[in-house]
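Participant: File follows, protein_6.tsv with TSV, C-alpha atoms:
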```tsv
chain	number	residue	atom	x	y	z
Q	82	MET	CA	-1.57	-41.43	26.30
Q	83	LYS	CA	-4.31	-39.85	28.39
Q	84	VAL	CA	-2.28	-36.63	28.60
Q	85	VAL	CA	-2.04	-36.51	24.79
Q	86	ARG	CA	-5.81	-36.90	24.43
Q	87	VAL	CA	-6.49	-34.17	26.98
Q	88	ALA	CA	-3.99	-31.85	25.25
Q	89	VAL	CA	-5.62	-32.40	21.86
Q	90	VAL	CA	-9.12	-31.78	23.28
Q	91	VAL	CA	-7.94	-28.61	25.05
Q	92	ALA	CA	-6.25	-27.36	21.85
Q	93	ILE	CA	-9.39	-27.97	19.75
Q	94	LEU	CA	-11.60	-26.32	22.38
Q	95	GLY	CA	-9.27	-23.31	22.49
Q	96	LEU	CA	-9.43	-23.01	18.71
Q	97	VAL	CA	-13.25	-23.26	18.67
Q	98	VAL	CA	-13.62	-20.63	21.44
Q	99	THR	CA	-11.16	-18.28	19.72
Q	100	LEU	CA	-12.96	-18.57	16.37
Q	101	ALA	CA	-16.38	-18.19	18.01
Q	102	LEU	CA	-15.29	-15.00	19.76
Q	103	ALA	CA	-13.60	-13.64	16.64
Q	104	PHE	CA	-16.61	-14.24	14.37
Q	105	ARG	CA	-18.98	-12.63	16.88
Q	106	ARG	CA	-17.21	-9.29	16.55
Q	107	ASP	CA	-18.75	-6.66	14.36
Q	108	PRO	CA	-16.35	-5.91	11.48
Q	109	HIS	CA	-17.65	-2.31	11.49
Q	110	ASP	CA	-16.41	-1.89	15.05
Q	111	ILE	CA	-12.74	-2.82	14.88
Q	112	ARG	CA	-11.15	-1.76	18.14
Q	113	THR	CA	-7.87	-0.29	17.08
Q	114	GLY	CA	-5.53	1.86	19.13
Q	115	THR	CA	-7.63	4.99	19.47
Q	116	ILE	CA	-10.79	3.62	21.11
Q	117	GLY	CA	-11.02	4.57	24.78
Q	118	LYS	CA	-8.26	7.12	24.45
Q	119	PRO	CA	-8.39	10.91	24.21
Q	120	ALA	CA	-9.28	11.97	20.68
Q	121	PRO	CA	-6.18	13.30	18.89
Q	122	ALA	CA	-6.37	17.08	18.84
Q	123	PHE	CA	-6.55	18.88	15.52
Q	124	THR	CA	-7.19	22.25	14.00
Q	125	LEU	CA	-8.33	22.17	10.38
Q	126	GLU	CA	-9.54	24.74	7.89
Q	127	ARG	CA	-13.16	24.75	6.90
Q	128	LEU	CA	-13.78	23.49	3.38
Q	129	ASP	CA	-15.48	26.76	2.45
Q	130	GLY	CA	-12.45	28.71	3.66
Q	131	SER	CA	-14.39	30.57	6.36
Q	132	GLY	CA	-11.87	29.91	9.13
Q	133	LYS	CA	-10.58	27.07	11.22
Q	134	VAL	CA	-12.14	24.51	13.52
Q	135	ALA	CA	-10.32	23.11	16.56
Q	136	LEU	CA	-11.53	19.94	18.23
Q	137	ALA	CA	-10.56	21.49	21.58
Q	138	ASP	CA	-13.26	24.15	21.06
Q	139	LEU	CA	-15.90	21.40	21.04
Q	140	SER	CA	-14.97	20.08	24.47
Q	141	GLY	CA	-17.98	19.14	26.60
Q	142	LYS	CA	-20.08	18.16	23.60
Q	143	VAL	CA	-20.78	14.90	21.87
Q	144	VAL	CA	-18.79	15.08	18.63
Q	145	VAL	CA	-19.43	12.86	15.63
Q	146	VAL	CA	-16.42	12.95	13.33
Q	147	ASN	CA	-17.14	11.54	9.88
Q	148	PHE	CA	-14.35	11.01	7.33
Q	149	PHE	CA	-15.74	11.30	3.80
Q	150	ALA	CA	-14.77	11.91	0.19
Q	151	SER	CA	-16.69	12.62	-2.99
Q	152	TRP	CA	-14.98	9.70	-4.77
Q	153	CYS	CA	-16.22	7.29	-2.11
Q	154	LEU	CA	-19.47	5.58	-3.14
Q	155	PRO	CA	-20.36	4.27	0.36
Q	156	CYS	CA	-20.09	7.89	1.57
Q	157	THR	CA	-22.86	8.82	-0.86
Q	158	GLN	CA	-24.90	5.87	0.39
Q	159	GLU	CA	-24.64	6.86	4.06
Q	160	ASN	CA	-25.19	10.58	3.48
Q	161	PRO	CA	-29.01	10.60	3.79
Q	162	ALA	CA	-28.70	9.05	7.27
Q	163	LEU	CA	-26.15	11.68	8.25
Q	164	VAL	CA	-28.42	14.46	6.99
Q	165	ARG	CA	-31.40	13.15	8.99
Q	166	VAL	CA	-29.34	12.77	12.16
Q	167	TYR	CA	-27.87	16.26	11.69
Q	168	GLU	CA	-31.38	17.74	11.40
Q	169	ARG	CA	-32.47	15.82	14.50
Q	170	TYR	CA	-29.61	17.06	16.69
Q	171	ARG	CA	-28.67	20.40	15.15
Q	172	ALA	CA	-30.12	22.41	18.07
Q	173	SER	CA	-28.57	20.17	20.73
Q	174	ASP	CA	-25.21	19.52	22.33
Q	175	VAL	CA	-24.26	17.17	19.51
Q	176	VAL	CA	-21.80	18.42	16.91
Q	177	MET	CA	-21.24	16.75	13.59
Q	178	LEU	CA	-17.96	17.32	11.86
Q	179	GLY	CA	-17.14	16.11	8.37
Q	180	VAL	CA	-13.45	15.60	7.55
Q	181	ASN	CA	-12.77	15.59	3.82
Q	182	TYR	CA	-10.31	12.84	2.97
Q	183	GLN	CA	-7.71	12.69	0.20
Q	184	GLU	CA	-9.14	15.06	-2.35
Q	185	SER	CA	-9.00	18.69	-3.46
Q	186	ARG	CA	-10.95	21.25	-1.50
Q	187	ASP	CA	-12.87	22.25	-4.63
Q	188	ASN	CA	-14.12	18.72	-5.18
Q	189	GLY	CA	-14.90	18.31	-1.49
Q	190	LEU	CA	-16.84	21.56	-1.30
Q	191	ALA	CA	-18.81	20.80	-4.47
Q	192	TYR	CA	-19.79	17.43	-2.98
Q	193	VAL	CA	-20.82	19.00	0.34
Q	194	GLN	CA	-23.10	21.48	-1.46
Q	195	ARG	CA	-24.51	18.87	-3.81
Q	196	MET	CA	-25.31	16.43	-0.98
Q	197	GLY	CA	-26.89	19.03	1.32
Q	198	MET	CA	-24.39	18.59	4.14
Q	199	GLY	CA	-25.25	21.44	6.49
Q	200	TRP	CA	-22.79	20.51	9.22
Q	201	THR	CA	-19.24	21.80	9.52
Q	202	THR	CA	-16.83	20.25	7.07
Q	203	VAL	CA	-13.06	20.62	7.19
Q	204	ALA	CA	-10.14	19.73	4.93
Q	205	ASP	CA	-7.50	17.20	6.03
Q	206	ASP	CA	-5.12	18.17	3.22
Q	207	ASP	CA	-2.08	16.15	4.25
Q	208	GLY	CA	-4.06	13.28	5.80
Q	209	ARG	CA	-2.43	13.72	9.20
Q	210	VAL	CA	-5.68	13.78	11.13
Q	211	ALA	CA	-6.89	10.61	9.42
Q	212	LEU	CA	-3.58	8.92	10.24
Q	213	SER	CA	-3.75	10.02	13.88
Q	214	TYR	CA	-7.25	8.50	14.17
Q	215	GLY	CA	-6.14	5.26	12.49
Q	216	VAL	CA	-8.48	5.66	9.53
Q	217	PHE	CA	-8.36	2.86	6.95
Q	218	GLY	CA	-10.48	4.62	4.38
Q	219	PRO	CA	-13.73	6.55	4.07
Q	220	PRO	CA	-16.38	6.42	5.25
Q	221	GLU	CA	-15.41	6.10	8.89
Q	222	THR	CA	-17.21	7.64	11.82
Q	223	PHE	CA	-15.85	8.31	15.30
Q	224	PHE	CA	-17.92	9.12	18.37
Q	225	ILE	CA	-16.22	11.40	20.86
Q	226	GLY	CA	-17.77	11.91	24.28
Q	227	PRO	CA	-18.00	15.20	26.20
Q	228	ASP	CA	-14.87	14.08	28.06
Q	229	GLY	CA	-12.93	14.15	24.80
Q	230	VAL	CA	-12.44	10.38	24.73
Q	231	ILE	CA	-13.17	8.32	21.61
Q	232	ALA	CA	-16.03	6.08	22.69
Q	233	GLY	CA	-16.62	4.26	19.42
Q	234	ARG	CA	-15.91	4.01	15.76
Q	235	HIS	CA	-17.78	2.69	12.78
Q	236	ILE	CA	-15.97	1.53	9.67
Q	237	GLY	CA	-17.97	1.70	6.44
Q	238	PRO	CA	-21.34	3.29	5.67
Q	239	ILE	CA	-23.34	3.97	8.80
Q	240	ASP	CA	-27.13	3.92	9.19
Q	241	GLU	CA	-29.41	6.22	11.13
Q	242	ALA	CA	-30.15	3.74	13.94
Q	243	THR	CA	-26.45	3.13	14.63
Q	244	LEU	CA	-25.77	6.87	14.66
Q	245	VAL	CA	-28.65	7.66	17.01
Q	246	ASN	CA	-27.83	4.76	19.29
Q	247	ALA	CA	-24.18	5.83	19.64
Q	248	ILE	CA	-25.10	9.48	20.17
Q	249	GLU	CA	-27.77	8.69	22.77
Q	250	THR	CA	-25.43	6.37	24.65
Q	251	LEU	CA	-22.89	9.18	24.94
Q	252	ARG	CA	-25.51	11.77	25.91
Q	253	ALA	CA	-26.87	9.46	28.62
Q	254	ARG	CA	-23.37	8.92	29.93
Q	255	ALA	CA	-22.80	12.68	30.03
Q	256	VAL	CA	-25.96	13.25	32.11
Q	257	ARG	CA	-24.93	10.62	34.71
O	161	MET	CA	56.65	-20.92	0.54
O	162	ASN	CA	55.01	-18.82	-2.16
O	163	GLY	CA	51.80	-20.76	-1.73
O	164	ARG	CA	51.70	-20.04	2.01
O	165	LEU	CA	52.33	-16.34	1.35
O	166	VAL	CA	49.43	-16.21	-1.12
O	167	ILE	CA	47.11	-17.94	1.38
O	168	ALA	CA	48.19	-15.56	4.15
O	169	ILE	CA	47.60	-12.52	1.93
O	170	ALA	CA	44.21	-13.89	0.87
O	171	LEU	CA	43.19	-14.46	4.52
O	172	LEU	CA	44.34	-10.98	5.45
O	173	ALA	CA	42.39	-9.49	2.56
O	174	LEU	CA	39.31	-11.45	3.62
O	175	ALA	CA	39.61	-10.29	7.22
O	176	ALA	CA	40.10	-6.69	6.09
O	177	ALA	CA	37.03	-6.92	3.86
O	178	LEU	CA	34.96	-8.33	6.74
O	179	VAL	CA	36.13	-5.59	9.09
O	180	PHE	CA	35.40	-2.97	6.42
O	181	ALA	CA	31.93	-4.38	5.79
O	182	ALA	CA	31.10	-4.60	9.49
O	183	ARG	CA	32.37	-1.14	10.37
O	184	PRO	CA	29.79	1.00	12.13
O	185	HIS	CA	28.50	3.64	9.79
O	186	GLU	CA	26.16	6.53	10.26
O	187	VAL	CA	22.64	5.62	9.11
O	188	THR	CA	21.36	8.36	6.85
O	189	ALA	CA	17.88	9.89	7.22
O	190	ASP	CA	16.77	8.25	3.96
O	191	GLU	CA	17.95	4.84	5.20
O	192	ARG	CA	15.99	5.32	8.42
O	193	ILE	CA	12.86	6.31	6.48
O	194	ASP	CA	13.28	3.16	4.37
O	195	GLN	CA	13.78	1.02	7.48
O	196	ILE	CA	10.67	2.35	9.21
O	197	THR	CA	8.40	2.32	6.17
O	198	THR	CA	9.49	-1.24	5.37
O	199	GLU	CA	8.19	-2.31	8.78
O	200	LEU	CA	4.90	-0.41	8.53
O	201	ARG	CA	1.88	-2.02	6.88
O	202	CYS	CA	-0.04	-0.02	4.27
O	203	PRO	CA	-3.59	0.18	5.71
O	204	VAL	CA	-5.31	0.17	2.32
O	205	CYS	CA	-3.26	-2.60	0.67
O	206	GLN	CA	-3.05	-6.38	0.86
O	207	GLY	CA	0.13	-7.27	2.73
O	208	LEU	CA	2.21	-4.43	1.30
O	209	SER	CA	4.58	-2.28	3.29
O	210	VAL	CA	4.27	1.49	3.26
O	211	LYS	CA	7.60	1.62	1.43
O	212	ASP	CA	6.39	-0.65	-1.39
O	213	SER	CA	2.88	0.75	-1.79
O	214	THR	CA	1.99	3.43	-4.31
O	215	SER	CA	-1.29	4.35	-2.60
O	216	GLU	CA	-2.04	7.87	-1.44
O	217	THR	CA	-2.32	6.72	2.17
O	218	ALA	CA	1.13	5.13	2.02
O	219	ARG	CA	2.53	8.32	0.47
O	220	GLN	CA	1.07	10.36	3.34
O	221	MET	CA	2.51	7.91	5.86
O	222	ARG	CA	5.95	8.14	4.24
O	223	GLU	CA	5.76	11.93	4.46
O	224	LEU	CA	4.84	11.74	8.13
O	225	VAL	CA	7.72	9.33	8.82
O	226	ALA	CA	10.14	11.63	6.97
O	227	GLN	CA	8.96	14.60	9.01
O	228	ARG	CA	9.34	12.72	12.29
O	229	VAL	CA	12.86	11.61	11.29
O	230	ARG	CA	13.75	15.24	10.52
O	231	GLU	CA	12.37	16.21	13.94
O	232	GLY	CA	14.85	13.80	15.52
O	233	ARG	CA	12.39	11.18	16.75
O	234	SER	CA	13.69	7.64	17.23
O	235	ASN	CA	12.42	4.69	15.16
O	236	THR	CA	10.64	3.33	18.23
O	237	GLU	CA	8.89	6.63	18.86
O	238	ILE	CA	7.73	6.88	15.25
O	239	GLU	CA	6.44	3.31	15.25
O	240	ALA	CA	4.71	3.96	18.57
O	241	GLU	CA	2.82	6.87	17.02
O	242	PHE	CA	1.39	4.59	14.32
O	243	ARG	CA	0.72	1.80	16.82
O	244	ALA	CA	-1.26	4.25	18.96
O	245	ALA	CA	-3.56	4.94	16.02
O	246	TYR	CA	-3.77	1.53	14.33
O	247	GLY	CA	-2.65	-0.94	17.00
O	248	ASP	CA	0.08	-3.54	16.56
O	249	TRP	CA	-1.60	-4.52	13.29
O	250	ILE	CA	0.21	-1.66	11.59
O	251	LEU	CA	3.55	-3.47	12.03
O	252	LEU	CA	4.25	-6.13	9.40
O	253	SER	CA	6.26	-8.10	12.00
O	254	PRO	CA	4.30	-8.10	15.26
O	255	PRO	CA	6.41	-7.23	18.32
O	256	VAL	CA	7.28	-10.25	20.47
O	257	ALA	CA	6.27	-8.50	23.70
O	258	SER	CA	2.57	-8.18	22.87
O	259	TRP	CA	-0.51	-10.28	22.25
O	260	SER	CA	0.34	-10.26	18.57
O	261	GLY	CA	3.72	-11.69	19.55
O	262	LEU	CA	1.90	-14.99	20.14
O	263	VAL	CA	2.29	-15.64	16.41
O	264	TRP	CA	6.01	-16.06	17.11
O	265	LEU	CA	5.65	-17.92	20.40
O	266	VAL	CA	2.85	-20.39	19.65
O	267	PRO	CA	4.63	-22.28	16.81
O	268	VAL	CA	7.76	-22.69	18.95
O	269	VAL	CA	5.74	-23.92	21.93
O	270	ALA	CA	3.70	-26.24	19.67
O	271	LEU	CA	6.89	-27.65	18.14
O	272	ALA	CA	8.48	-28.21	21.55
O	273	ALA	CA	5.30	-29.88	22.86
O	274	GLY	CA	5.18	-32.07	19.74
O	275	LEU	CA	8.80	-33.11	20.18
O	276	VAL	CA	8.22	-33.99	23.82
O	277	LEU	CA	5.14	-36.05	22.94
O	278	VAL	CA	6.81	-37.88	20.06
O	279	THR	CA	9.95	-38.59	22.08
O	280	GLY	CA	7.86	-39.93	24.96
O	281	ARG	CA	5.90	-42.13	22.60
O	282	LEU	CA	8.97	-43.51	20.87
O	283	ARG	CA	10.55	-44.39	24.20
O	284	ARG	CA	7.48	-46.24	25.30
O	285	THR	CA	7.10	-48.22	22.08
O	286	GLU	CA	10.75	-49.32	21.89
O	287	THR	CA	10.97	-53.17	21.80
O	288	PRO	CA	12.56	-54.43	25.01
O	289	LYS	CA	15.93	-56.13	24.60
O	290	PRO	CA	15.84	-59.86	25.38
O	291	ASP	CA	17.48	-60.70	28.69
O	292	GLU	CA	20.91	-62.36	28.65
O	293	PRO	CA	20.59	-66.13	29.32
O	294	SER	CA	21.60	-67.15	32.81
O	295	SER	CA	24.62	-69.40	33.44
O	296	THR	CA	22.28	-72.31	34.24
O	297	GLN	CA	20.50	-71.83	30.88
O	298	VAL	CA	23.86	-71.64	29.06
O	299	ALA	CA	25.03	-74.78	30.78
O	300	ALA	CA	21.79	-76.58	29.85
O	301	LEU	CA	22.11	-75.50	26.24
O	302	ARG	CA	25.72	-76.64	26.05
O	303	GLU	CA	24.74	-79.95	27.52
O	304	ARG	CA	21.94	-80.35	24.96
O	305	VAL	CA	24.25	-79.46	22.04
O	306	ALA	CA	26.82	-81.95	23.31
O	307	ARG	CA	24.12	-84.61	23.58
O	308	GLU	CA	22.86	-84.02	20.08
O	309	GLU	CA	26.38	-84.07	18.68
O	310	ALA	CA	27.05	-87.37	20.47
O	311	ALA	CA	23.82	-88.82	19.12
O	312	GLU	CA	24.72	-87.85	15.56
O	313	GLY	CA	27.91	-89.76	16.15
```
Write out the structure in this file as structure tokens.

Facilitator:
Amino acid sequence: MKVVRVAVVVAILGLVVTLALAFRRDPHDIRTGTIGKPAPAFTLERLDGSGKVALADLSGKVVVVNFFASWCLPCTQENPALVRVYERYRASDVVMLGVNYQESRDNGLAYVQRMGMGWTTVADDDGRVALSYGVFGPPETFFIGPDGVIAGRHIGPIDEATLVNAIETLRARAVR
Amino acid sequence: MNGRLVIAIALLALAAALVFAARPHEVTADERIDQITTELRCPVCQGLSVKDSTSETARQMRELVAQRVREGRSNTEIEAEFRAAYGDWILLSPPVASWSGLVWLVPVVALAAGLVLVTGRLRRTETPKPDEPSSTQVAALRERVAREEAAEG
């Protein structure tokens, strides 16, 4: 009888602890397969057709990869933050890279020009890069350290403070 | 005699049909694509497989699976590629040998524990059988019955 009571208490405690831990997690920071692993390599064409960009060429820098699309309303919402952060770090070792997701290059390019996105934007025509990063849907932002490892990801629209915090964390780690 | 012959022929036909149905056959590329995409979860849908979804993401995933099949990759290798990007979540049936596999294990363990507890309880609450009367008690009872019969006359 005592054993039964102890078992029930342990089961309830386990459930409470599990739920408490699960609800504490930030839904924007879902740790799927790619976090902590080398960023999948890719070479994609620039949206404006002026050549290709290879992730390997950005080795040694902090790279912010942002998946976006013109049909994605949250992308429009987060864009001002991205623009401010781009202006803040444009002369530094931080590279911002926009990956256009599931739309025609014409639409993507028109959006980039309309929204004042000065950073490099590339076209993921067949969606392979998004699939290799485990993207659920735009906007999603990945933070890649100078070592080429994905240090973090943010699902959904991102704000300036979160961007700066993630970038500074990676820069500080690179200095150490 | 005729009846036995018919039964024998029917049994033979049944066995032949079973053997024919169970014969090993080469799985085509399309069948493999269907198999794999049935097991993969569409990331932008609610509980739909990649095979059943009409979303653009599912279409791109089907194309990737088809390409990997053409390249000669095994089903496990193809699934591993998606698991590397999305985690075990991408599989509609979580693999047993993983943390997600607990969804298979926990109900079985809970059921077994429940059975053990219930069985233990039932054993304890069973009403004890009354002891057999001793020979002295039987003799006393017989004597009493005999006395009462004698008294009634």

Participant: Between range 218-304 of chain O and range 180-186 of chain Q, at 12 Å or less, what are the per-residue closest atom pairs and their distances in Å? Count all atoms listed in the file, order by chain and rising residue number, and return it as CSV.

Facilitator:
```
residue,atom,partner,partner_atom,distance
O:Ala218,CA,Q:Gln183,CA,11.8
O:Arg219,CA,Q:Gln183,CA,11.1
O:Gln220,CA,Q:Gln183,CA,9.6
```

Participant: Could you check which of Q:Met177, Q:Val203, Q:Leu154, Q:Ala101 is closest to Gly218 in chain Q, using all atoms listed in the file?

Facilitator: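 Checking each candidate against Gly218 in chain Q, we get Q:Leu154 as the closest.
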
Participant: Of the candidates Q:Phe123, Q:Tyr192, Q:Tyr167, Q:Phe223, which shows the shortest atom-to-atom distance to Cys153 in chain Q, using all atoms listed in the file?

Facilitator: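 Residue with the minimum atom-to-atom distance to Cys153 in chain Q: Q:Tyr192.
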
Participant: Find, counting only C-alpha atoms, the residue in O:Lys211, O:Arg284, O:His185, O:Arg302 that gets nearest to chain Q.

Facilitator: O:Arg284

Participant: So how many Å separate CA of Arg195 in chain Q and CA of Pro121 in chain Q, to one decimal?

Facilitator: 29.7 Å

Participant: Taking only C-alpha atoms into account, report as a list of chain:residue names which residues of chain O lie within 10 Å of chain Q.

Facilitator: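 Every residue meeting the condition is included here: O:Cys202, O:Pro203, O:Val204, O:Cys205, O:Glu216, O:Thr217, O:Arg219, O:Gln220, O:Met221, O:Glu223, O:Leu224, O:Glu241, O:Phe242, O:Arg243, O:Ala244, O:Ala245, O:Tyr246, O:Gly247, O:Asp248, O:Trp249, O:Ile250, O:Ala273, O:Gly274, O:Leu277, O:Gly280, O:Arg281.
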
Participant: Write out as number ranges by chain the residues lying within 12 Å of range 136-138 of chain Q, counting all atoms listed in the file and excluding same-chain residues fewer than 6 positions away.

Facilitator: Q: 119-126, 144-146, 176-180, 201, 203, 210, 225-230

Participant: Go ahead and compute the interatomic distance for CA of Val143 in chain Q and CA of Val245 in chain Q, in Å to one decimal.

Facilitator: 11.7 Å

Participant: Just how far from CA of Leu208 in chain O is CA of Leu251 in chain O, in Å to one decimal?

Facilitator: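 We find that CA of Leu251 in chain O and CA of Leu208 in chain O lie 10.9 Å from each other.
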
Participant: Using all atoms listed in the file and a cutoff of 12 Å, can you tell me which residues are near (-28.3, 3.5, 13.1) in the file's coordinates, and write them out as a PyMOL selection string?

Facilitator: chain Q and resi 159+161-163+165-166+222+235+238-249

Participant: Taking the structure in the block just given, could you write range 211-286 of chain O with C-alpha atoms, as an mmCIF file, in the first residue's frame?

Facilitator:
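Result written to decode-v1.cif:
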```cif
data_model
loop_
_atom_site.group_PDB
_atom_site.id
_atom_site.type_symbol
_atom_site.label_atom_id
_atom_site.label_comp_id
_atom_site.auth_asym_id
_atom_site.auth_seq_id
_atom_site.Cartn_x
_atom_site.Cartn_y
_atom_site.Cartn_z
ATOM 1 C CA LYS O 211 3.052 12.097 -48.996
ATOM 2 C CA ASP O 212 -0.441 13.345 -48.117
ATOM 3 C CA SER O 213 0.310 17.062 -47.933
ATOM 4 C CA THR O 214 -0.189 19.426 -50.845
ATOM 5 C CA SER O 215 2.009 22.169 -49.355
ATOM 6 C CA GLU O 216 5.011 23.568 -51.189
ATOM 7 C CA THR O 217 7.352 22.400 -48.430
ATOM 8 C CA ALA O 218 6.044 18.834 -48.722
ATOM 9 C CA ARG O 219 6.458 18.996 -52.505
ATOM 10 C CA GLN O 220 10.085 20.082 -52.077
ATOM 11 C CA MET O 221 10.659 17.282 -49.567
ATOM 12 C CA ARG O 222 9.171 14.717 -51.963
ATOM 13 C CA GLU O 223 11.507 15.976 -54.686
ATOM 14 C CA LEU O 224 14.492 15.658 -52.376
ATOM 15 C CA VAL O 225 13.470 12.117 -51.388
ATOM 16 C CA ALA O 226 13.037 11.170 -55.060
ATOM 17 C CA GLN O 227 16.494 12.525 -55.868
ATOM 18 C CA ARG O 228 18.095 10.636 -52.983
ATOM 19 C CA VAL O 229 16.364 7.414 -54.080
ATOM 20 C CA ARG O 230 17.699 7.938 -57.613
ATOM 21 C CA GLU O 231 21.176 8.458 -56.126
ATOM 22 C CA GLY O 232 20.907 5.016 -54.537
ATOM 23 C CA ARG O 233 20.644 6.089 -50.899
ATOM 24 C CA SER O 234 18.936 3.699 -48.488
ATOM 25 C CA ASN O 235 15.679 4.571 -46.696
ATOM 26 C CA THR O 236 17.583 4.860 -43.415
ATOM 27 C CA GLU O 237 20.107 7.260 -44.921
ATOM 28 C CA ILE O 238 17.372 9.451 -46.382
ATOM 29 C CA GLU O 239 15.465 9.549 -43.109
ATOM 30 C CA ALA O 240 18.707 10.321 -41.273
ATOM 31 C CA GLU O 241 19.220 13.374 -43.477
ATOM 32 C CA PHE O 242 15.834 14.781 -42.441
ATOM 33 C CA ARG O 243 16.379 13.806 -38.802
ATOM 34 C CA ALA O 244 19.676 15.695 -38.821
ATOM 35 C CA ALA O 245 17.834 18.863 -39.823
ATOM 36 C CA TYR O 246 14.545 18.530 -37.938
ATOM 37 C CA GLY O 247 15.254 15.979 -35.206
ATOM 38 C CA ASP O 248 13.202 12.847 -34.552
ATOM 39 C CA TRP O 249 10.101 15.049 -34.689
ATOM 40 C CA ILE O 250 10.166 14.771 -38.466
ATOM 41 C CA LEU O 251 9.237 11.074 -38.251
ATOM 42 C CA LEU O 252 5.519 10.414 -37.777
ATOM 43 C CA SER O 253 6.381 7.226 -35.837
ATOM 44 C CA PRO O 254 9.214 8.031 -33.436
ATOM 45 C CA PRO O 255 12.051 5.481 -33.499
ATOM 46 C CA VAL O 256 12.045 3.134 -30.495
ATOM 47 C CA ALA O 257 15.776 3.615 -29.849
ATOM 48 C CA SER O 258 15.577 7.312 -28.963
ATOM 49 C CA TRP O 259 14.132 9.657 -26.358
ATOM 50 C CA SER O 260 11.047 9.985 -28.521
ATOM 51 C CA GLY O 261 10.765 6.201 -28.349
ATOM 52 C CA LEU O 262 9.549 6.672 -24.769
ATOM 53 C CA VAL O 263 6.083 7.232 -26.242
ATOM 54 C CA TRP O 264 6.112 3.532 -27.125
ATOM 55 C CA LEU O 265 7.801 2.319 -23.953
ATOM 56 C CA VAL O 266 6.026 4.325 -21.249
ATOM 57 C CA PRO O 267 2.476 2.995 -21.914
ATOM 58 C CA VAL O 268 3.750 -0.600 -21.859
ATOM 59 C CA VAL O 269 5.674 -0.031 -18.628
ATOM 60 C CA ALA O 270 2.674 1.786 -17.095
ATOM 61 C CA LEU O 271 0.358 -1.066 -18.084
ATOM 62 C CA ALA O 272 2.720 -3.692 -16.656
ATOM 63 C CA ALA O 273 3.111 -1.709 -13.417
ATOM 64 C CA GLY O 274 -0.669 -1.331 -13.194
ATOM 65 C CA LEU O 275 -1.199 -5.058 -13.690
ATOM 66 C CA VAL O 276 1.348 -5.882 -10.998
ATOM 67 C CA LEU O 277 -0.286 -3.449 -8.561
ATOM 68 C CA VAL O 278 -3.822 -4.661 -9.252
ATOM 69 C CA THR O 279 -2.819 -8.320 -9.030
ATOM 70 C CA GLY O 280 -1.032 -7.682 -5.731
ATOM 71 C CA ARG O 281 -4.052 -5.870 -4.371
ATOM 72 C CA LEU O 282 -6.499 -8.557 -5.421
ATOM 73 C CA ARG O 283 -4.383 -11.248 -3.790
ATOM 74 C CA ARG O 284 -4.272 -9.345 -0.555
ATOM 75 C CA THR O 285 -8.012 -8.648 -0.437
ATOM 76 C CA GLU O 286 -9.079 -12.229 -1.205
#
```
